[in-house]
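**Q** I have a structure here, written as structure tokens, and I will follow up with some questions on it.
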Amino acid sequence: MKQSPLGMFFDLSRLAIESNIVIGLRMMTFASGGASASSEAQLMITEKMQLGSSLALENAMALATGSSLEAVHRSTVAKYTKAVRANRKRLSGA
């Protein structure tokens with residue numbers, strides 16, 4: 001299904017808003033200091049490296065095998081959104 005540029009814009013906007021919420025929650029964790037802050041920093045870096053590298057490889061393979069840029073966009077935004085939502089849930093204690 002073809003997604004309009006406006007739909008892509010809204011997907012990215014929602015992801016940006018949710019990401020900023022997670023950043024705020026992480027900043028509160030870092031400000032509290034201690035072992036939880038150190039642990040969160042290590043987890044954050046590990047998650048970013050793992051997701052970024054796996055998506056880079058996955059997207060390269062998808063494009064090499066003929067997937068459209070739109071399909072790659074949808075897949076990438078969906079995976080980042082899933083990761084951001086999981087972090088938001090974990091950090092907010094929900």
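In the structure tokens, each chain is lettered A, B, ... as it comes, each chain's residues begin at 1, and ligands are numbered from 1 in order of appearance.
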Identify, on the basis of only C-alpha atoms, every residue whose closest approach to Ile23 in chain A does not exceed 12 Å; exclude the query and any residue fewer than 6 positions from it along the same chain; express the result as a PyMOL selection string.

**A** chain A and resi 16-17+29-30+40-41+44+84-85+87-88+91-92

**Q** Name the residues in contact with Ser68 in chain A at a cut-off of 12 Å, using only C-alpha atoms, excluding same-chain residues fewer than 5 positions from it; report them as a PyMOL selection string.

**A** chain A and resi 1-3+59-63+73-75

**Q** Those residues you just picked out, can you put them in a file as a PDB file, in the first residue's frame with all heavy atoms?

**A**
```pdb
ATOM      1  N   MET A   1       0.841  -1.161   0.000  1.00  0.00           N
ATOM      2  CA  MET A   1       0.000   0.000   0.000  1.00  0.00           C
ATOM      3  C   MET A   1       0.898   1.241   0.000  1.00  0.00           C
ATOM      4  O   MET A   1       1.813   1.356   0.787  1.00  0.00           O
ATOM      5  CB  MET A   1      -0.906  -0.013   1.227  1.00  0.00           C
ATOM      6  CG  MET A   1      -1.715   1.244   1.355  1.00  0.00           C
ATOM      7  SD  MET A   1      -3.120   1.182   2.460  1.00  0.00           S
ATOM      8  CE  MET A   1      -2.388   1.149   4.053  1.00  0.00           C
ATOM      9  N   LYS A   2       0.612   2.152  -0.898  1.00  0.00           N
ATOM     10  CA  LYS A   2       1.402   3.369  -1.029  1.00  0.00           C
ATOM     11  C   LYS A   2       1.024   4.362   0.063  1.00  0.00           C
ATOM     12  O   LYS A   2      -0.135   4.610   0.319  1.00  0.00           O
ATOM     13  CB  LYS A   2       1.179   3.981  -2.404  1.00  0.00           C
ATOM     14  CG  LYS A   2       2.075   5.141  -2.688  1.00  0.00           C
ATOM     15  CD  LYS A   2       2.347   5.211  -4.171  1.00  0.00           C
ATOM     16  CE  LYS A   2       3.195   6.401  -4.535  1.00  0.00           C
ATOM     17  NZ  LYS A   2       4.546   6.330  -4.066  1.00  0.00           N
ATOM     18  N   GLN A   3       2.042   4.923   0.689  1.00  0.00           N
ATOM     19  CA  GLN A   3       1.824   5.897   1.737  1.00  0.00           C
ATOM     20  C   GLN A   3       2.183   7.280   1.199  1.00  0.00           C
ATOM     21  O   GLN A   3       3.188   7.450   0.530  1.00  0.00           O
ATOM     22  CB  GLN A   3       2.687   5.576   2.947  1.00  0.00           C
ATOM     23  CG  GLN A   3       2.418   6.455   4.141  1.00  0.00           C
ATOM     24  CD  GLN A   3       3.259   6.058   5.339  1.00  0.00           C
ATOM     25  OE1 GLN A   3       4.275   5.428   5.197  1.00  0.00           O
ATOM     26  NE2 GLN A   3       2.819   6.439   6.509  1.00  0.00           N
ATOM     27  N   ASN A  59      18.237  -2.959   5.727  1.00  0.00           N
ATOM     28  CA  ASN A  59      17.798  -2.025   4.683  1.00  0.00           C
ATOM     29  C   ASN A  59      18.633  -2.143   3.427  1.00  0.00           C
ATOM     30  O   ASN A  59      18.101  -2.057   2.313  1.00  0.00           O
ATOM     31  CB  ASN A  59      17.825  -0.593   5.213  1.00  0.00           C
ATOM     32  CG  ASN A  59      16.757  -0.341   6.251  1.00  0.00           C
ATOM     33  OD1 ASN A  59      15.820  -1.122   6.394  1.00  0.00           O
ATOM     34  ND2 ASN A  59      16.900   0.731   6.991  1.00  0.00           N
ATOM     35  N   ALA A  60      19.925  -2.358   3.578  1.00  0.00           N
ATOM     36  CA  ALA A  60      20.780  -2.545   2.404  1.00  0.00           C
ATOM     37  C   ALA A  60      20.351  -3.787   1.622  1.00  0.00           C
ATOM     38  O   ALA A  60      20.265  -3.758   0.386  1.00  0.00           O
ATOM     39  CB  ALA A  60      22.239  -2.654   2.828  1.00  0.00           C
ATOM     40  N   MET A  61      20.063  -4.856   2.351  1.00  0.00           N
ATOM     41  CA  MET A  61      19.626  -6.091   1.685  1.00  0.00           C
ATOM     42  C   MET A  61      18.257  -5.894   1.026  1.00  0.00           C
ATOM     43  O   MET A  61      18.023  -6.376  -0.084  1.00  0.00           O
ATOM     44  CB  MET A  61      19.570  -7.251   2.687  1.00  0.00           C
ATOM     45  CG  MET A  61      20.922  -7.689   3.194  1.00  0.00           C
ATOM     46  SD  MET A  61      22.005  -8.262   1.872  1.00  0.00           S
ATOM     47  CE  MET A  61      21.158  -9.732   1.367  1.00  0.00           C
ATOM     48  N   ALA A  62      17.364  -5.196   1.707  1.00  0.00           N
ATOM     49  CA  ALA A  62      16.032  -4.957   1.153  1.00  0.00           C
ATOM     50  C   ALA A  62      16.125  -4.156  -0.145  1.00  0.00           C
ATOM     51  O   ALA A  62      15.472  -4.484  -1.137  1.00  0.00           O
ATOM     52  CB  ALA A  62      15.154  -4.235   2.164  1.00  0.00           C
ATOM     53  N   LEU A  63      16.931  -3.113  -0.136  1.00  0.00           N
ATOM     54  CA  LEU A  63      17.080  -2.298  -1.348  1.00  0.00           C
ATOM     55  C   LEU A  63      17.789  -3.071  -2.458  1.00  0.00           C
ATOM     56  O   LEU A  63      17.424  -2.956  -3.632  1.00  0.00           O
ATOM     57  CB  LEU A  63      17.835  -1.005  -1.028  1.00  0.00           C
ATOM     58  CG  LEU A  63      17.066  -0.016  -0.154  1.00  0.00           C
ATOM     59  CD1 LEU A  63      17.982   1.120   0.284  1.00  0.00           C
ATOM     60  CD2 LEU A  63      15.844   0.528  -0.890  1.00  0.00           C
ATOM     61  N   HIS A  73      11.295   2.575   4.369  1.00  0.00           N
ATOM     62  CA  HIS A  73      10.910   3.624   5.318  1.00  0.00           C
ATOM     63  C   HIS A  73       9.916   3.093   6.347  1.00  0.00           C
ATOM     64  O   HIS A  73      10.107   3.273   7.548  1.00  0.00           O
ATOM     65  CB  HIS A  73      10.302   4.818   4.572  1.00  0.00           C
ATOM     66  CG  HIS A  73       9.534   5.756   5.451  1.00  0.00           C
ATOM     67  ND1 HIS A  73      10.138   6.741   6.187  1.00  0.00           N
ATOM     68  CD2 HIS A  73       8.217   5.819   5.744  1.00  0.00           C
ATOM     69  CE1 HIS A  73       9.217   7.381   6.884  1.00  0.00           C
ATOM     70  NE2 HIS A  73       8.039   6.845   6.626  1.00  0.00           N
ATOM     71  N   ARG A  74       8.864   2.440   5.871  1.00  0.00           N
ATOM     72  CA  ARG A  74       7.835   1.924   6.789  1.00  0.00           C
ATOM     73  C   ARG A  74       8.431   0.940   7.786  1.00  0.00           C
ATOM     74  O   ARG A  74       8.138   0.992   8.980  1.00  0.00           O
ATOM     75  CB  ARG A  74       6.707   1.260   6.000  1.00  0.00           C
ATOM     76  CG  ARG A  74       5.699   2.223   5.446  1.00  0.00           C
ATOM     77  CD  ARG A  74       4.413   1.529   5.002  1.00  0.00           C
ATOM     78  NE  ARG A  74       4.627   0.319   4.231  1.00  0.00           N
ATOM     79  CZ  ARG A  74       4.667   0.246   2.900  1.00  0.00           C
ATOM     80  NH1 ARG A  74       4.499   1.333   2.186  1.00  0.00           N
ATOM     81  NH2 ARG A  74       4.844  -0.897   2.287  1.00  0.00           N
ATOM     82  N   SER A  75       9.268   0.045   7.284  1.00  0.00           N
ATOM     83  CA  SER A  75       9.880  -0.958   8.139  1.00  0.00           C
ATOM     84  C   SER A  75      10.799  -0.312   9.176  1.00  0.00           C
ATOM     85  O   SER A  75      10.768  -0.662  10.357  1.00  0.00           O
ATOM     86  CB  SER A  75      10.669  -1.951   7.283  1.00  0.00           C
ATOM     87  OG  SER A  75      11.402  -2.836   8.080  1.00  0.00           O
TER      88      SER A  75
END
```

**Q** Using only C-alpha atoms, which residue out of A:Val22, A:Met27, A:Tyr80, A:Ser67 lies closest to Lys48 in chain A?

**A** A:Tyr80

**Q** Extract, using only C-alpha atoms, all DNA, RNA and protein residues at most 12 Å from Gly52 in chain A, discarding same-chain residues fewer than 4 positions from it, and format them as a list in words.

**A** Met44, Ile45, Thr46, Glu47, Lys48, Ala56, Leu57, Glu58, Asn59, Thr76, Val77, Lys79, Tyr80 and Ala83 of chain A

**Q** Suppose we keep N, CA, C and O atoms; can you now write the selection as a PDB file, in the first residue's frame?

**A**
```pdb
ATOM      1  N   MET A  44      21.451   2.135  26.838  1.00  0.00           N
ATOM      2  CA  MET A  44      21.097   3.043  25.755  1.00  0.00           C
ATOM      3  C   MET A  44      22.092   2.909  24.595  1.00  0.00           C
ATOM      4  O   MET A  44      21.687   2.778  23.431  1.00  0.00           O
ATOM      5  N   ILE A  45      23.368   2.915  24.906  1.00  0.00           N
ATOM      6  CA  ILE A  45      24.386   2.821  23.856  1.00  0.00           C
ATOM      7  C   ILE A  45      24.318   1.468  23.164  1.00  0.00           C
ATOM      8  O   ILE A  45      24.362   1.383  21.934  1.00  0.00           O
ATOM      9  N   THR A  46      24.173   0.412  23.932  1.00  0.00           N
ATOM     10  CA  THR A  46      24.084  -0.937  23.359  1.00  0.00           C
ATOM     11  C   THR A  46      22.876  -1.068  22.439  1.00  0.00           C
ATOM     12  O   THR A  46      22.991  -1.576  21.315  1.00  0.00           O
ATOM     13  N   GLU A  47      21.719  -0.590  22.898  1.00  0.00           N
ATOM     14  CA  GLU A  47      20.503  -0.669  22.073  1.00  0.00           C
ATOM     15  C   GLU A  47      20.657   0.105  20.771  1.00  0.00           C
ATOM     16  O   GLU A  47      20.265  -0.373  19.710  1.00  0.00           O
ATOM     17  N   LYS A  48      21.211   1.305  20.858  1.00  0.00           N
ATOM     18  CA  LYS A  48      21.368   2.139  19.667  1.00  0.00           C
ATOM     19  C   LYS A  48      22.307   1.470  18.660  1.00  0.00           C
ATOM     20  O   LYS A  48      22.036   1.467  17.455  1.00  0.00           O
ATOM     21  N   ALA A  56      20.758  -1.100   9.300  1.00  0.00           N
ATOM     22  CA  ALA A  56      21.595  -0.751   8.155  1.00  0.00           C
ATOM     23  C   ALA A  56      21.767  -1.961   7.232  1.00  0.00           C
ATOM     24  O   ALA A  56      21.605  -1.858   6.007  1.00  0.00           O
ATOM     25  N   LEU A  57      22.068  -3.097   7.814  1.00  0.00           N
ATOM     26  CA  LEU A  57      22.239  -4.317   7.026  1.00  0.00           C
ATOM     27  C   LEU A  57      20.913  -4.752   6.401  1.00  0.00           C
ATOM     28  O   LEU A  57      20.848  -5.065   5.212  1.00  0.00           O
ATOM     29  N   GLU A  58      19.865  -4.749   7.199  1.00  0.00           N
ATOM     30  CA  GLU A  58      18.545  -5.163   6.712  1.00  0.00           C
ATOM     31  C   GLU A  58      18.068  -4.258   5.564  1.00  0.00           C
ATOM     32  O   GLU A  58      17.553  -4.735   4.549  1.00  0.00           O
ATOM     33  N   ASN A  59      18.237  -2.959   5.727  1.00  0.00           N
ATOM     34  CA  ASN A  59      17.798  -2.025   4.683  1.00  0.00           C
ATOM     35  C   ASN A  59      18.633  -2.143   3.427  1.00  0.00           C
ATOM     36  O   ASN A  59      18.101  -2.057   2.313  1.00  0.00           O
ATOM     37  N   THR A  76      11.586   0.637   8.735  1.00  0.00           N
ATOM     38  CA  THR A  76      12.528   1.307   9.637  1.00  0.00           C
ATOM     39  C   THR A  76      11.801   2.090  10.716  1.00  0.00           C
ATOM     40  O   THR A  76      12.121   1.980  11.908  1.00  0.00           O
ATOM     41  N   VAL A  77      10.807   2.867  10.322  1.00  0.00           N
ATOM     42  CA  VAL A  77      10.045   3.658  11.298  1.00  0.00           C
ATOM     43  C   VAL A  77       9.329   2.729  12.273  1.00  0.00           C
ATOM     44  O   VAL A  77       9.307   2.988  13.480  1.00  0.00           O
ATOM     45  N   LYS A  79      10.241  -0.249  13.289  1.00  0.00           N
ATOM     46  CA  LYS A  79      11.183  -0.860  14.230  1.00  0.00           C
ATOM     47  C   LYS A  79      11.694   0.149  15.252  1.00  0.00           C
ATOM     48  O   LYS A  79      11.834  -0.168  16.431  1.00  0.00           O
ATOM     49  N   TYR A  80      11.977   1.374  14.804  1.00  0.00           N
ATOM     50  CA  TYR A  80      12.392   2.403  15.760  1.00  0.00           C
ATOM     51  C   TYR A  80      11.254   2.739  16.714  1.00  0.00           C
ATOM     52  O   TYR A  80      11.475   2.935  17.906  1.00  0.00           O
ATOM     53  N   ALA A  83      11.013   0.103  19.400  1.00  0.00           N
ATOM     54  CA  ALA A  83      12.087   0.241  20.383  1.00  0.00           C
ATOM     55  C   ALA A  83      11.836   1.431  21.311  1.00  0.00           C
ATOM     56  O   ALA A  83      12.022   1.332  22.533  1.00  0.00           O
TER      57      ALA A  83
END
```

**Q** Pick from A:Ser36, A:Gln50, A:Gln42, A:Ser19: nearest to Lys89 in chain A, with only C-alpha atoms counted?

**A** A:Ser19

**Q** Quick one: of A:Ala37, A:Leu43, A:Leu6, A:Leu15, who's nearest to Ala78 in chain A, counting only C-alpha atoms?

**A** A:Leu15

**Q** Could you tell me how far CA of Thr81 in chain A sits from CA of Arg14 in chain A, in Å to one decimal place?

**A**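 Taking CA of Arg14 in chain A as the start and CA of Thr81 in chain A as the end point, the length is 8.7 Å.
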